[in-house]
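Reproduced below: start.txt, with compact mmCIF, C-alpha atoms and all ligand atoms.
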```txt
# COMPACT_ATOMS: atom_id res chain seq x y z
CA MET A 1 -1.83 173.02 -64.03
CA THR A 2 -1.34 176.66 -64.97
CA THR A 3 0.75 177.10 -68.13
CA LEU A 4 3.42 179.75 -68.61
CA GLN A 5 1.12 181.49 -71.08
CA GLN A 6 -1.86 181.49 -68.68
CA GLN A 7 0.29 182.83 -65.82
CA TYR A 8 1.68 185.51 -68.13
CA GLU A 9 -1.85 186.64 -69.04
CA LYS A 10 -2.78 186.83 -65.33
CA ALA A 11 0.42 188.67 -64.41
CA LYS A 12 -0.02 191.27 -67.17
CA LYS A 13 -3.29 192.37 -65.58
CA VAL A 14 -1.58 193.47 -62.37
CA ILE A 15 2.14 193.80 -63.07
CA SER A 16 3.30 196.21 -65.74
CA GLY A 17 4.23 194.03 -68.71
CA GLY A 18 3.80 190.96 -66.49
CA VAL A 19 7.36 191.25 -65.17
CA ASN A 20 9.24 193.08 -62.43
CA SER A 21 12.42 193.41 -64.46
CA SER A 22 12.08 194.19 -68.14
CA THR A 23 14.50 191.49 -69.29
CA ARG A 24 12.42 188.78 -67.58
CA LEU A 25 10.21 188.56 -70.63
CA ASN A 26 12.09 185.74 -72.31
CA GLN A 27 11.71 186.55 -76.00
CA ALA A 28 12.91 183.09 -76.99
CA ILE A 29 10.03 181.33 -75.22
CA GLY A 30 7.52 184.16 -75.63
CA THR A 31 6.69 184.45 -71.91
CA PRO A 32 8.62 184.99 -68.71
CA PHE A 33 10.02 181.83 -67.10
CA PHE A 34 7.63 181.44 -64.16
CA ALA A 35 9.59 179.33 -61.69
CA SER A 36 8.11 177.06 -59.05
CA LYS A 37 11.33 176.09 -57.25
CA ALA A 38 15.09 175.96 -57.65
CA ILE A 39 17.47 173.47 -56.07
CA ALA A 40 21.26 173.22 -56.59
CA GLY A 41 21.89 173.56 -60.37
CA HIS A 42 18.24 173.09 -61.37
CA VAL A 43 15.14 175.18 -61.72
CA TRP A 44 11.55 174.02 -62.30
CA ASP A 45 8.88 175.98 -64.15
CA ILE A 46 5.23 176.12 -63.05
CA GLU A 47 4.38 173.47 -65.64
CA GLY A 48 6.54 171.05 -63.63
CA ARG A 49 9.43 170.86 -66.14
CA LYS A 50 12.94 170.60 -64.75
CA PHE A 51 15.82 172.56 -66.34
CA ILE A 52 19.56 172.77 -65.83
CA ASP A 53 19.97 176.41 -64.88
CA MET A 54 22.64 178.09 -67.00
CA SER A 55 21.58 181.56 -65.91
CA CYS A 56 22.15 181.21 -62.16
CA ALA A 57 20.24 184.40 -61.40
CA HIS A 58 22.33 186.46 -63.84
CA GLY A 59 25.45 185.44 -61.94
CA ALA A 60 24.08 185.91 -58.40
CA ALA A 61 23.64 182.19 -57.71
CA LEU A 62 27.32 181.17 -57.85
CA LEU A 63 26.52 178.93 -54.87
CA GLY A 64 23.60 177.43 -56.81
CA HIS A 65 20.10 177.37 -55.37
CA SER A 66 19.10 176.58 -51.80
CA HIS A 67 22.68 176.05 -50.68
CA PRO A 68 22.81 174.63 -47.11
CA ALA A 69 25.09 177.47 -45.91
CA ILE A 70 22.52 180.03 -47.07
CA ASP A 71 19.66 178.07 -45.51
CA ASN A 72 21.54 178.21 -42.18
CA ALA A 73 22.08 181.95 -42.56
CA MET A 74 18.31 182.38 -43.05
CA GLN A 75 17.66 180.50 -39.84
CA THR A 76 20.14 182.67 -37.96
CA ALA A 77 18.40 185.77 -39.33
CA ALA A 78 15.04 184.46 -38.06
CA LYS A 79 16.51 183.91 -34.60
CA LEU A 80 17.79 187.51 -34.59
CA GLY A 81 14.27 188.73 -35.38
CA TYR A 82 15.39 190.05 -38.80
CA VAL A 83 16.79 193.04 -36.91
CA ASN A 84 16.86 195.81 -39.54
CA SER A 85 18.20 199.34 -39.88
CA PHE A 86 20.81 198.73 -37.18
CA GLU A 87 24.49 198.00 -37.49
CA THR A 88 25.54 194.62 -36.06
CA GLN A 89 28.79 192.80 -35.45
CA TYR A 90 28.04 190.80 -38.60
CA HIS A 91 28.28 193.91 -40.79
CA GLU A 92 31.77 194.61 -39.52
CA GLU A 93 32.76 190.95 -39.85
CA LEU A 94 31.66 190.81 -43.49
CA ALA A 95 33.31 194.15 -44.30
CA SER A 96 36.58 192.90 -42.73
CA LYS A 97 36.47 189.78 -44.88
CA ILE A 98 35.88 191.86 -48.00
CA CYS A 99 38.81 194.13 -47.11
CA GLN A 100 41.00 191.02 -46.80
CA ALA A 101 39.80 189.59 -50.12
CA ILE A 102 39.50 192.56 -52.49
CA PRO A 103 42.83 194.34 -53.17
CA CYS A 104 41.50 197.93 -53.36
CA ALA A 105 39.07 197.63 -50.44
CA GLU A 106 40.13 199.56 -47.35
CA ARG A 107 36.56 200.66 -46.53
CA VAL A 108 33.23 199.19 -47.59
CA ARG A 109 29.59 200.30 -47.80
CA PHE A 110 26.82 197.76 -48.42
CA CYS A 111 23.64 198.19 -50.43
CA SER A 112 21.30 195.83 -52.28
CA ALA A 113 21.50 196.08 -56.07
CA GLY A 114 24.46 196.59 -58.35
CA SER A 115 22.83 199.70 -59.79
CA GLU A 116 22.68 201.29 -56.35
CA ALA A 117 26.34 200.54 -55.77
CA THR A 118 27.49 202.16 -59.04
CA LEU A 119 25.21 205.16 -58.45
CA HIS A 120 26.66 205.89 -55.03
CA MET A 121 30.24 205.21 -56.02
CA ILE A 122 29.93 207.61 -58.97
CA ARG A 123 28.58 210.22 -56.56
CA GLY A 124 31.52 209.55 -54.24
CA CYS A 125 34.02 209.94 -57.11
CA ARG A 126 32.50 213.27 -58.08
CA ALA A 127 32.42 214.51 -54.50
CA PHE A 128 36.04 213.47 -53.90
CA THR A 129 37.51 214.98 -57.06
CA GLY A 130 35.18 217.96 -57.43
CA ARG A 131 34.89 216.98 -61.11
CA GLN A 132 31.76 215.90 -62.98
CA LYS A 133 32.61 213.89 -66.09
CA ILE A 134 32.85 210.13 -66.34
CA ILE A 135 34.83 208.29 -69.01
CA ARG A 136 33.18 204.96 -69.81
CA PHE A 137 33.61 202.20 -72.40
CA GLU A 138 31.24 201.16 -75.16
CA GLY A 139 29.72 197.75 -74.52
CA HIS A 140 30.04 198.00 -70.75
CA PHE A 141 27.01 198.01 -68.47
CA HIS A 142 26.91 199.61 -65.05
CA GLY A 143 23.23 199.69 -64.11
CA TYR A 144 20.02 201.28 -65.30
CA HIS A 145 20.20 204.68 -63.65
CA GLU A 146 20.46 208.16 -65.14
CA LEU A 147 24.10 208.62 -64.15
CA ILE A 148 25.47 205.91 -66.42
CA PHE A 149 22.84 204.28 -68.67
CA ILE A 150 24.18 206.39 -71.50
CA GLY A 151 26.58 205.60 -74.34
CA GLY A 152 27.05 201.93 -73.37
CA HIS A 153 25.19 199.97 -76.02
CA PRO A 154 24.41 202.24 -78.95
CA PRO A 155 22.76 200.52 -81.93
CA ALA A 156 25.14 200.02 -84.88
CA SER A 157 23.52 202.97 -86.65
CA HIS A 158 24.48 205.32 -83.77
CA LEU A 159 27.94 203.95 -83.07
CA LYS A 160 29.93 206.65 -84.86
CA ASP A 161 27.89 209.42 -83.37
CA ASN A 162 28.05 207.89 -79.88
CA ARG A 163 31.46 209.40 -79.18
CA ASN A 164 30.20 212.96 -79.80
CA HIS A 165 26.59 212.52 -78.79
CA PRO A 166 26.39 209.69 -76.25
CA TYR A 167 23.41 207.47 -76.89
CA ILE A 168 20.67 207.72 -74.25
CA GLU A 169 19.77 204.09 -73.50
CA SER A 170 16.30 204.60 -72.04
CA ALA A 171 13.39 206.88 -72.65
CA GLY A 172 13.00 209.17 -69.67
CA ILE A 173 16.70 209.93 -69.13
CA PRO A 174 17.12 213.66 -69.66
CA GLN A 175 19.50 214.57 -72.50
CA LEU A 176 21.48 216.76 -70.09
CA PHE A 177 22.92 213.69 -68.35
CA ALA A 178 24.76 212.83 -71.58
CA ASP A 179 26.90 215.95 -71.14
CA PHE A 180 28.70 214.22 -68.29
CA ILE A 181 29.49 210.99 -70.15
CA ILE A 182 32.48 210.39 -72.41
CA PRO A 183 32.12 207.01 -74.16
CA ILE A 184 35.22 205.53 -75.76
CA PRO A 185 36.06 202.16 -77.35
CA PHE A 186 37.53 199.51 -75.04
CA ASN A 187 41.12 198.32 -75.39
CA ASP A 188 41.97 201.34 -77.54
CA PRO A 189 45.05 203.13 -76.11
CA GLU A 190 44.84 206.07 -78.53
CA ALA A 191 41.19 206.79 -77.74
CA LEU A 192 41.99 206.62 -74.02
CA LYS A 193 44.96 209.00 -74.33
CA GLN A 194 42.92 211.45 -76.38
CA ALA A 195 39.99 211.38 -73.94
CA ILE A 196 42.28 211.99 -70.97
CA ASP A 197 44.25 214.72 -72.79
CA LYS A 198 41.06 216.54 -73.64
CA HIS A 199 38.88 215.87 -70.60
CA GLY A 200 41.24 214.68 -67.84
CA HIS A 201 40.97 217.95 -65.87
CA GLU A 202 37.16 217.62 -65.65
CA THR A 203 36.91 213.82 -65.27
CA ALA A 204 36.08 212.30 -61.88
CA ALA A 205 36.42 208.63 -62.83
CA VAL A 206 37.06 206.10 -65.55
CA ILE A 207 34.60 203.25 -65.01
CA LEU A 208 34.90 199.84 -66.65
CA GLU A 209 34.00 196.19 -66.48
CA PRO A 210 37.50 194.68 -66.39
CA ILE A 211 35.85 191.68 -68.02
CA ASN A 212 33.13 192.97 -70.27
CA TYR A 213 30.66 190.15 -69.64
CA ASN A 214 27.87 192.43 -70.86
CA SER A 215 29.22 192.39 -74.44
CA GLY A 216 31.00 189.25 -75.50
CA CYS A 217 33.10 188.63 -72.35
CA ILE A 218 35.86 190.88 -73.64
CA LYS A 219 38.84 191.07 -71.33
CA ALA A 220 40.85 194.21 -70.73
CA GLN A 221 44.19 193.66 -72.48
CA PRO A 222 47.08 193.70 -69.97
CA ASP A 223 48.94 196.63 -71.62
CA PHE A 224 45.73 198.61 -71.89
CA LEU A 225 44.91 198.07 -68.25
CA LYS A 226 48.38 199.15 -67.19
CA LEU A 227 48.15 202.26 -69.35
CA LEU A 228 44.74 203.00 -67.84
CA ARG A 229 46.17 202.69 -64.34
CA ASP A 230 49.13 204.96 -65.14
CA LEU A 231 47.18 207.64 -67.01
CA THR A 232 44.40 207.91 -64.42
CA LYS A 233 46.95 208.21 -61.63
CA GLU A 234 48.82 210.99 -63.46
CA ALA A 235 45.59 212.89 -64.20
CA GLY A 236 44.13 212.56 -60.69
CA ILE A 237 41.21 210.53 -62.05
CA ILE A 238 39.69 207.75 -59.95
CA LEU A 239 40.04 204.31 -61.54
CA PHE A 240 36.73 202.53 -60.91
CA PHE A 241 36.39 198.79 -61.60
CA ASP A 242 32.75 197.74 -61.77
CA GLU A 243 33.09 194.17 -60.52
CA ILE A 244 29.39 193.56 -59.89
CA GLN A 245 29.65 190.60 -62.27
CA SER A 246 33.36 189.71 -62.17
CA SER A 247 33.71 189.61 -58.37
CA PHE A 248 34.23 186.07 -57.02
CA LYS A 249 33.69 184.33 -60.38
CA LYS A 250 37.29 183.17 -60.68
CA SER A 251 38.95 184.14 -57.41
CA PRO A 252 38.08 185.79 -54.07
CA GLY A 253 39.75 189.06 -55.13
CA GLY A 254 37.92 189.54 -58.44
CA ALA A 255 39.40 190.72 -61.72
CA GLN A 256 41.73 193.10 -59.87
CA GLN A 257 43.37 190.07 -58.28
CA ASP A 258 43.28 188.05 -61.51
CA PHE A 259 44.85 190.86 -63.56
CA GLY A 260 47.15 192.27 -60.88
CA ILE A 261 46.00 195.88 -61.33
CA THR A 262 44.49 197.61 -58.31
CA PRO A 263 41.86 200.28 -59.00
CA ASP A 264 41.09 203.10 -56.55
CA VAL A 265 37.51 201.97 -55.99
CA CYS A 266 35.24 199.16 -57.10
CA THR A 267 31.72 197.82 -56.89
CA ILE A 268 31.02 194.18 -56.10
CA GLY A 269 27.73 192.29 -55.98
CA LYS A 270 25.60 189.55 -57.47
CA ALA A 271 27.34 186.41 -56.11
CA LEU A 272 28.24 188.22 -52.87
CA GLY A 273 24.77 187.70 -51.35
CA GLY A 274 24.70 183.95 -52.02
CA GLY A 275 21.50 184.53 -54.01
CA LEU A 276 20.15 187.33 -51.82
CA PRO A 277 20.25 191.04 -52.69
CA LEU A 278 23.62 192.36 -51.58
CA SER A 279 26.12 194.63 -53.29
CA ALA A 280 28.86 196.90 -52.03
CA PHE A 281 31.08 199.72 -53.07
CA CYS A 282 34.55 199.87 -51.66
CA GLY A 283 37.94 201.43 -52.14
CA LYS A 284 40.74 203.48 -50.71
CA ALA A 285 39.93 204.86 -47.29
CA GLU A 286 40.56 208.50 -48.29
CA ILE A 287 38.00 208.24 -51.11
CA MET A 288 35.43 206.20 -49.17
CA GLU A 289 35.56 208.69 -46.31
CA ILE A 290 33.98 211.28 -48.59
CA PHE A 291 30.66 209.77 -47.46
CA GLN A 292 28.69 211.15 -44.52
CA PRO A 293 29.03 211.12 -41.54
CA ILE A 294 32.75 211.81 -42.22
CA GLY A 295 32.53 213.70 -45.52
CA PRO A 296 29.84 215.60 -47.44
CA ALA A 297 28.47 212.89 -49.82
CA ALA A 298 25.18 211.27 -48.84
CA HIS A 299 24.55 207.53 -48.80
CA SER A 300 21.70 206.29 -46.66
CA GLY A 301 18.72 203.94 -46.83
CA THR A 302 16.24 202.07 -44.65
CA PHE A 303 17.10 198.70 -46.11
CA ASN A 304 20.84 199.24 -46.68
CA ALA A 305 22.77 196.21 -45.50
CA HIS A 306 19.71 194.35 -44.26
CA ILE A 307 20.67 191.59 -41.84
CA ILE A 308 19.35 188.76 -44.06
CA PRO A 309 21.68 189.42 -47.02
CA ILE A 310 24.51 190.35 -44.66
CA LEU A 311 24.33 186.94 -43.00
CA ALA A 312 24.00 185.31 -46.42
CA GLY A 313 27.06 187.29 -47.55
CA LEU A 314 29.06 186.00 -44.58
CA ALA A 315 28.00 182.44 -45.40
CA PHE A 316 29.01 183.02 -49.02
CA ILE A 317 32.48 184.35 -48.12
CA ASN A 318 33.04 181.41 -45.77
CA GLU A 319 32.10 178.98 -48.54
CA ILE A 320 34.44 180.44 -51.14
CA LYS A 321 37.32 180.30 -48.67
CA LYS A 322 37.08 176.52 -48.51
CA PRO A 323 40.05 175.05 -50.37
CA GLU A 324 37.88 172.96 -52.69
CA PHE A 325 35.64 175.84 -53.80
CA TYR A 326 37.63 177.29 -56.70
CA SER A 327 39.20 173.95 -57.63
CA THR A 328 35.68 172.51 -58.07
CA LEU A 329 34.64 175.48 -60.22
CA GLN A 330 37.81 175.08 -62.28
CA LYS A 331 36.97 171.43 -63.00
CA LEU A 332 33.53 172.45 -64.30
CA GLU A 333 35.17 175.26 -66.26
CA ALA A 334 37.63 172.87 -67.94
CA GLN A 335 34.91 170.34 -68.71
CA PHE A 336 32.54 172.89 -70.19
CA HIS A 337 35.05 174.87 -72.23
CA GLN A 338 37.03 171.90 -73.54
CA GLY A 339 33.68 170.38 -74.54
CA ILE A 340 32.21 173.43 -76.26
CA ASP A 341 35.50 174.31 -77.98
CA ARG A 342 35.68 170.77 -79.37
CA ILE A 343 32.10 171.04 -80.68
CA ILE A 344 32.94 174.37 -82.35
CA LYS A 345 36.17 173.06 -83.88
CA ASP A 346 34.88 169.66 -85.04
CA ASN A 347 31.95 171.29 -86.78
CA ASN A 348 33.75 174.42 -87.96
CA LEU A 349 31.10 176.62 -86.32
CA ASN A 350 31.37 180.35 -86.75
CA MET A 351 31.16 181.28 -83.07
CA ILE A 352 33.18 181.63 -79.85
CA VAL A 353 32.44 181.02 -76.17
CA PRO A 354 34.84 183.31 -74.28
CA TYR A 355 34.88 183.10 -70.47
CA HIS A 356 36.48 184.20 -67.27
CA GLY A 357 35.91 181.87 -64.33
CA ALA A 358 32.40 180.50 -63.99
CA ARG A 359 30.80 182.90 -66.47
CA PHE A 360 30.89 182.91 -70.27
CA ASP A 361 29.29 184.54 -73.29
CA ILE A 362 28.13 183.01 -76.55
CA VAL A 363 29.16 185.17 -79.50
CA LEU A 364 27.93 184.18 -82.95
CA GLY A 365 29.49 185.23 -86.24
CA ARG A 366 33.19 185.34 -85.35
CA LYS A 367 35.99 182.88 -84.63
CA THR A 368 38.50 185.08 -82.81
CA PRO A 369 38.13 186.96 -79.52
CA ALA A 370 36.54 190.41 -79.77
CA LEU A 371 38.50 193.38 -78.47
CA ARG A 372 35.72 195.92 -78.30
CA TYR A 373 31.97 196.39 -78.60
CA GLU A 374 31.85 196.94 -82.35
CA ASP A 375 33.56 193.56 -82.86
CA THR A 376 30.46 191.90 -81.36
CA LEU A 377 27.98 193.52 -83.75
CA CYS A 378 28.40 190.44 -85.97
CA HIS A 379 26.36 188.51 -83.38
CA ASN A 380 23.01 187.39 -84.80
CA LYS A 381 20.34 187.98 -82.13
CA ASP A 382 17.56 186.13 -83.97
CA LEU A 383 19.73 183.06 -84.26
CA MET A 384 20.65 183.31 -80.58
CA LEU A 385 16.95 183.34 -79.70
CA LYS A 386 16.51 180.14 -81.75
CA ILE A 387 19.38 178.49 -79.85
CA ILE A 388 17.94 179.50 -76.49
CA LYS A 389 14.48 178.18 -77.42
CA ALA A 390 15.85 174.88 -78.72
CA CYS A 391 17.88 174.41 -75.51
CA PHE A 392 14.80 175.26 -73.44
CA ASP A 393 12.80 172.59 -75.30
CA ARG A 394 15.52 170.08 -74.30
CA GLY A 395 15.66 171.04 -70.60
CA VAL A 396 18.52 173.55 -70.51
CA TYR A 397 17.73 177.10 -69.45
CA PHE A 398 19.82 179.97 -70.83
CA HIS A 399 18.39 183.35 -69.94
CA ASP A 400 17.53 185.53 -72.90
CA TYR A 401 18.70 189.14 -73.00
CA GLY A 402 16.94 189.94 -76.27
CA GLY A 403 19.27 187.54 -78.05
CA SER A 404 22.36 189.62 -77.15
CA CYS A 405 25.81 188.12 -76.57
CA VAL A 406 25.61 188.43 -72.82
CA HIS A 407 26.67 186.19 -69.96
CA HIS A 408 25.60 182.72 -68.83
CA GLY A 409 27.11 180.42 -66.23
CA TYR A 410 27.02 177.57 -63.79
CA SER A 411 27.35 177.24 -60.03
CA ILE A 412 29.34 175.29 -57.47
CA GLN A 413 26.38 172.88 -57.17
CA HIS A 414 26.29 172.00 -60.87
CA THR A 415 27.56 168.47 -61.40
CA THR A 416 29.74 167.00 -64.13
CA GLU A 417 26.57 165.17 -65.29
CA ASP A 418 24.80 168.54 -65.63
CA ILE A 419 27.66 169.89 -67.74
CA ASP A 420 27.67 166.75 -69.90
CA LYS A 421 23.97 167.16 -70.54
CA VAL A 422 24.37 170.84 -71.41
CA LEU A 423 27.14 169.97 -73.88
CA ASN A 424 25.05 167.23 -75.49
CA VAL A 425 22.10 169.55 -75.87
CA LEU A 426 24.26 172.37 -77.24
CA GLU A 427 25.89 170.01 -79.75
CA ASP A 428 22.48 168.84 -81.01
CA VAL A 429 21.12 172.36 -81.22
CA LEU A 430 24.19 173.92 -82.85
CA LEU A 431 24.37 171.21 -85.49
CA SER A 432 20.70 171.72 -86.31
CA ILE A 433 21.34 175.41 -87.10
CA LYS A 434 24.88 175.00 -88.46
CA ASN A 435 23.96 176.31 -91.90
CA LEU A 436 22.62 179.53 -90.40
CA LEU A 437 25.94 180.16 -88.65
CA LYS A 438 27.54 181.53 -91.78
CA ASN A 439 31.27 182.18 -92.02
C1 LIG A 501 28.90 195.04 -64.42
C2 LIG A 501 27.53 195.31 -63.88
N1 LIG A 501 27.30 196.44 -63.18
C3 LIG A 501 26.10 196.72 -62.65
C4 LIG A 501 25.03 195.87 -62.83
C5 LIG A 501 23.70 196.20 -62.23
O1 LIG A 501 23.42 195.31 -61.20
P1 LIG A 501 21.93 195.06 -60.70
O2 LIG A 501 21.23 194.32 -61.79
O3 LIG A 501 22.08 194.25 -59.45
O4 LIG A 501 21.33 196.40 -60.44
C6 LIG A 501 25.22 194.69 -63.55
C7 LIG A 501 24.11 193.76 -63.78
O5 LIG A 501 24.13 192.88 -64.61
C8 LIG A 501 26.50 194.40 -64.10
O6 LIG A 501 26.73 193.28 -64.82
```
Turn the structure described in the file into structure tokens.
Amino acid sequence: MTTLQQQYEKAKKVISGGVNSSTRLNQAIGTPFFASKAIAGHVWDIEGRKFIDMSCAHGAALLGHSHPAIDNAMQTAAKLGYVNSFETQYHEELASKICQAIPCAERVRFCSAGSEATLHMIRGCRAFTGRQKIIRFEGHFHGYHELIFIGGHPPASHLKDNRNHPYIESAGIPQLFADFIIPIPFNDPEALKQAIDKHGHETAAVILEPINYNSGCIKAQPDFLKLLRDLTKEAGIILFFDEIQSSFKKSPGGAQQDFGITPDVCTIGKALGGGLPLSAFCGKAEIMEIFQPIGPAAHSGTFNAHIIPILAGLAFINEIKKPEFYSTLQKLEAQFHQGIDRIIKDNNLNMIVPYHGARFDIVLGRKTPALRYEDTLCHNKDLMLKIIKACFDRGVYFHDYGGSCVHHGYSIQHTTEDIDKVLNVLEDVLLSIKNLLKN
């Protein structure tokens, strides 16, 4: 048997840092999780240990692993000879289904990763408005590229300065890109009004995670969202919901359906591909037609909308339309959240587990919902790493994002027994560190 540590040593010799995505080095366990297989709600590591998977591919495996509908789609793709770089009837069929499901979608373009979708949609917003600046919210994440990986997660020491000098989140991003980014606090009407008063004339889009799963699962407050919709409309700014994570988690229409506010454009992804790489950007026809061959903005790519993820996407959409799909997820949701809330209350733990649909965050150090990024800075990352490691040792896998208060979740194939086990393990683990969870 090869151990995780041995595989990590081998991988580091040929793969930079031993991983193909920086956050795959699980700091809690000290190595990446090298998987050998994944079935339904479970994943096995190369040492043969079986885990309940509470990561679900960062939210992409809402159907769970090796779902029969996706297996069938793979077989169909094989029969079609994996025909690539052509349009097919399946592309149009999937786009039609997305236009029916997502309120703002009148036209769709497919790509693979969420980061690609936000990159192209930002380009489209700039091309359509002829403006260059982007208003964004602290705590929100929209991908790793130069256009937007700025000002989102400043360290506490840079928070004040972030609003004047947006924090560059990766080495290698030229400082100049920060000139186009206006970071403001979430759910703060005054900050929003001021930003639009000052910069509205030069702002192409306001981009947000309507549910900020990437910092404490903070929801946009209804009045704030309405104000955002009204002010952007008045100022001719495109309202851009980044629903890469929130799409399909609670309903087929995403947060825009759940909250009843329709943006001008949005990005969707992760779950859409049923576990395969598929994302999309979509929106009002007049904006989406800014892309070539109709308009002047470029969006092209050899592997765009590859037939394998497109067929998987169709299978996914057909699954979520089944009447029992969301009612099954809701049962798991009720079981998990009633259970964890009881554990927190009975033991007076200083933490919250906010959620929206099948995805939740674990925030340590506070008992009430956070409203914005700075409210989550109480979260103790070292303690979170301890919790993740202790759960791992008991057969429950939570992905580690450097101990941050980021999202976890379950899938349609998780069972009530899985959720019971997760709750038992969490109760054990949380009680063992109770004294460290100071009020
Ligand atoms: C809201 C949001 N936008 C964009 C992305 C980037 O997606 P990807 O990792 O597929 O590039 C993510 C990924 O977590 C996300 O949560």
Contacts of region 294-306 of chain A at 9 Å (only C-alpha atoms; same-chain gap of 3+ positions) as a VMD selection string
chain A and resid 82 to 87 91 109 to 112 120 123 to 124 127 to 128 278 to 280 288 to 291 309 to 311
Residue contacts of Glu138 (chain A) (8 Å, only C-alpha atoms) excluding same-chain residues fewer than 6 positions away, as a VMD selection string
chain A and resid 151 to 154 183 to 186 372 to 373
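The smallest atom-to-atom distance between ligand LIG 501 (chain A) and any of A:Ala312, A:Ala57, A:Leu231, A:Val396, using all atoms listed in the file, is found for A:Ala57.
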Counting only C-alpha atoms, what is within 10 Å of Leu383 (chain A), bar same-chain residues fewer than 6 positions away, as a ChimeraX atom specification?
/A:28,364,389,403,433,436-437
My list of candidates is A:His379, A:Arg359, A:Arg342, A:Lys250. Which is closest to ligand LIG 501 (chain A) when distances are computed with only C-alpha atoms and all ligand atoms?
A:Arg359
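What separates CA of Ile317 (chain A) from CA of Ser96 (chain A) is a distance of 10.9 Å.
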Show me which residues line ligand LIG 501 (chain A), defined as having an atom within 9 Å of a ligand atom where all atoms listed in the file count, and present them as a PDB file with C-alpha atoms, in the coordinates of the input.
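To be explicit, this is the file written out as part_23.pdb:
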```pdb
ATOM      1  CA  HIS A  58      22.330 186.460 -63.840  1.00  0.00           C
ATOM      2  CA  GLY A  59      25.450 185.440 -61.940  1.00  0.00           C
ATOM      3  CA  ALA A  60      24.080 185.910 -58.400  1.00  0.00           C
ATOM      4  CA  SER A 112      21.300 195.830 -52.280  1.00  0.00           C
ATOM      5  CA  ALA A 113      21.500 196.080 -56.070  1.00  0.00           C
ATOM      6  CA  GLY A 114      24.460 196.590 -58.350  1.00  0.00           C
ATOM      7  CA  SER A 115      22.830 199.700 -59.790  1.00  0.00           C
ATOM      8  CA  GLU A 116      22.680 201.290 -56.350  1.00  0.00           C
ATOM      9  CA  ALA A 117      26.340 200.540 -55.770  1.00  0.00           C
ATOM     10  CA  THR A 118      27.490 202.160 -59.040  1.00  0.00           C
ATOM     11  CA  HIS A 140      30.040 198.000 -70.750  1.00  0.00           C
ATOM     12  CA  PHE A 141      27.010 198.010 -68.470  1.00  0.00           C
ATOM     13  CA  HIS A 142      26.910 199.610 -65.050  1.00  0.00           C
ATOM     14  CA  GLY A 143      23.230 199.690 -64.110  1.00  0.00           C
ATOM     15  CA  TYR A 144      20.020 201.280 -65.300  1.00  0.00           C
ATOM     16  CA  HIS A 145      20.200 204.680 -63.650  1.00  0.00           C
ATOM     17  CA  LEU A 208      34.900 199.840 -66.650  1.00  0.00           C
ATOM     18  CA  GLU A 209      34.000 196.190 -66.480  1.00  0.00           C
ATOM     19  CA  PRO A 210      37.500 194.680 -66.390  1.00  0.00           C
ATOM     20  CA  ILE A 211      35.850 191.680 -68.020  1.00  0.00           C
ATOM     21  CA  ASN A 212      33.130 192.970 -70.270  1.00  0.00           C
ATOM     22  CA  TYR A 213      30.660 190.150 -69.640  1.00  0.00           C
ATOM     23  CA  ASN A 214      27.870 192.430 -70.860  1.00  0.00           C
ATOM     24  CA  PHE A 241      36.390 198.790 -61.600  1.00  0.00           C
ATOM     25  CA  ASP A 242      32.750 197.740 -61.770  1.00  0.00           C
ATOM     26  CA  GLU A 243      33.090 194.170 -60.520  1.00  0.00           C
ATOM     27  CA  ILE A 244      29.390 193.560 -59.890  1.00  0.00           C
ATOM     28  CA  GLN A 245      29.650 190.600 -62.270  1.00  0.00           C
ATOM     29  CA  SER A 246      33.360 189.710 -62.170  1.00  0.00           C
ATOM     30  CA  THR A 267      31.720 197.820 -56.890  1.00  0.00           C
ATOM     31  CA  ILE A 268      31.020 194.180 -56.100  1.00  0.00           C
ATOM     32  CA  GLY A 269      27.730 192.290 -55.980  1.00  0.00           C
ATOM     33  CA  LYS A 270      25.600 189.550 -57.470  1.00  0.00           C
ATOM     34  CA  PRO A 277      20.250 191.040 -52.690  1.00  0.00           C
ATOM     35  CA  LEU A 278      23.620 192.360 -51.580  1.00  0.00           C
ATOM     36  CA  SER A 279      26.120 194.630 -53.290  1.00  0.00           C
ATOM     37  CA  HIS A 407      26.670 186.190 -69.960  1.00  0.00           C
TER      38      HIS A 407
END
```
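Compared by their closest atoms to Thr2 (chain A), and using only C-alpha atoms, the residues A:Gly48, A:Gly402, A:Gly30, A:Gly236 rank with A:Gly48 nearest.
The closest residue to Ala334 (chain A), picked from A:Asp161, A:Asp361, A:Glu106, A:Asp420 and counting only C-alpha atoms, is A:Asp420.
Of the residues under consideration (A:Phe248, A:Phe398, A:Tyr410, A:Tyr8), A:Tyr410 shows the shortest atom-to-atom contact distance to Lys331 (chain A) when counting only C-alpha atoms.
Of the listed residues A:Val206, A:Ile419, A:Leu385, A:Ala315, the one whose atoms come nearest to His67 (chain A) is A:Ala315, with distances taken using all atoms listed in the file.
Residues with any atom within 8 Å of the point (9.7, 180.0, -60.6), counting all atoms listed in the file, are Phe33, Phe34, Ala35, Ser36, Lys37, Ala38, Val43, Trp44, Asp45 and Ile46 of chain A.
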Just C-alpha atoms for this one: save the residues we selected as a compact mmCIF listing (two decimals), in the frame of the given file.
```txt
# COMPACT_ATOMS: atom_id res chain seq x y z
CA PHE A 33 10.02 181.83 -67.10
CA PHE A 34 7.63 181.44 -64.16
CA ALA A 35 9.59 179.33 -61.69
CA SER A 36 8.11 177.06 -59.05
CA LYS A 37 11.33 176.09 -57.25
CA ALA A 38 15.09 175.96 -57.65
CA VAL A 43 15.14 175.18 -61.72
CA TRP A 44 11.55 174.02 -62.30
CA ASP A 45 8.88 175.98 -64.15
CA ILE A 46 5.23 176.12 -63.05
```
